[in-house]
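K.L.:
Encoded as structure tokens, here's the structure I'll be asking about.
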Amino acid sequence: MLVLITYDVNTTTAVGRKRLTKIAKECANYGQRVQNSVFECNLDAATLVVVRKMLLDIINEKEDSLRIYNIGNKYANRIEHYGTKKSYDPEGELIF
């Protein structure tokens, strides 16, 4: 299923900047960055539980925001993209 993960981390302190880096690296392990703090991830239900727990363990809920949108399996007609940055196939191969 396609999952959209977005976050906003308070980076006014060094600890906050470290949290931001950790969250971005973890999200990159599971999906494709489509904007600065937005990742599209193709996850199964079990992996989503693991990723959610991992990200919640990183953020500071008093200073940061984490949003997870479950778009589902039939998402092809739900996504519209305009402008720069060519889109990708979330079900295709991720090459690092």
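Numbering starts fresh at 1 for the residues of each chain in the structure tokens, the chains themselves are lettered A, B, ... in the order given, and ligands are numbered from 1 as they appear.
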What lies within 12 Å of A:Phe39 using only C-alpha atoms, ignoring chain neighbours under 4 positions off, as a PyMOL selection string?
P.N.:
chain A and resi 2-7+23-35+43+66-69+90
K.L.:
Which is closest to A:Asp64 among A:Met1, A:Val50, A:Ala14, A:Leu20, if we use only C-alpha atoms?
P.N.:
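Of A:Met1, A:Val50, A:Ala14, A:Leu20, the one nearest A:Asp64, counting only C-alpha atoms, is A:Leu20.
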K.L.:
Please report, as a PyMOL selection string, each residue of stretch 43-84 of chain A to which DSSP assigns strand (DSSP E or B) when run on this structure's backbone.
P.N.:
chain A and resi 65-72
K.L.:
For A:Asn10, which residue out of A:Ala45, A:Val38, A:Ile71, A:Ile59 is the nearest one, using only C-alpha atoms?
P.N.:
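Closest candidate: A:Ile59.
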K.L.:
Identify which of the residues A:Thr84, A:Asn70, A:Ser37, A:Lys22 lies closest to A:Met54, counting only C-alpha atoms when measuring atom-to-atom distances.
P.N.:
A:Lys22
K.L.:
Please determine, counting only C-alpha atoms, which residue among A:Ile58, A:Val49, A:Asn36, A:Tyr82 has the shortest atom-to-atom distance to A:Lys18.
P.N.:
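Smallest separation from A:Lys18 among the options: A:Ile58.
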K.L.:
Identify, with DSSP run on backbone atoms, the residues in stretch 22-62 of chain A assigned to alpha helix (DSSP H), and express the list as an MDAnalysis selection string.
P.N.:
chainID A and resid 22:28 45:58
K.L.:
Quick one: of A:Asn42, A:Ser65, A:Asn60, A:Thr47, who's nearest to A:Val15, counting only C-alpha atoms?
P.N.:
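The closest residue to A:Val15 is A:Asn60.
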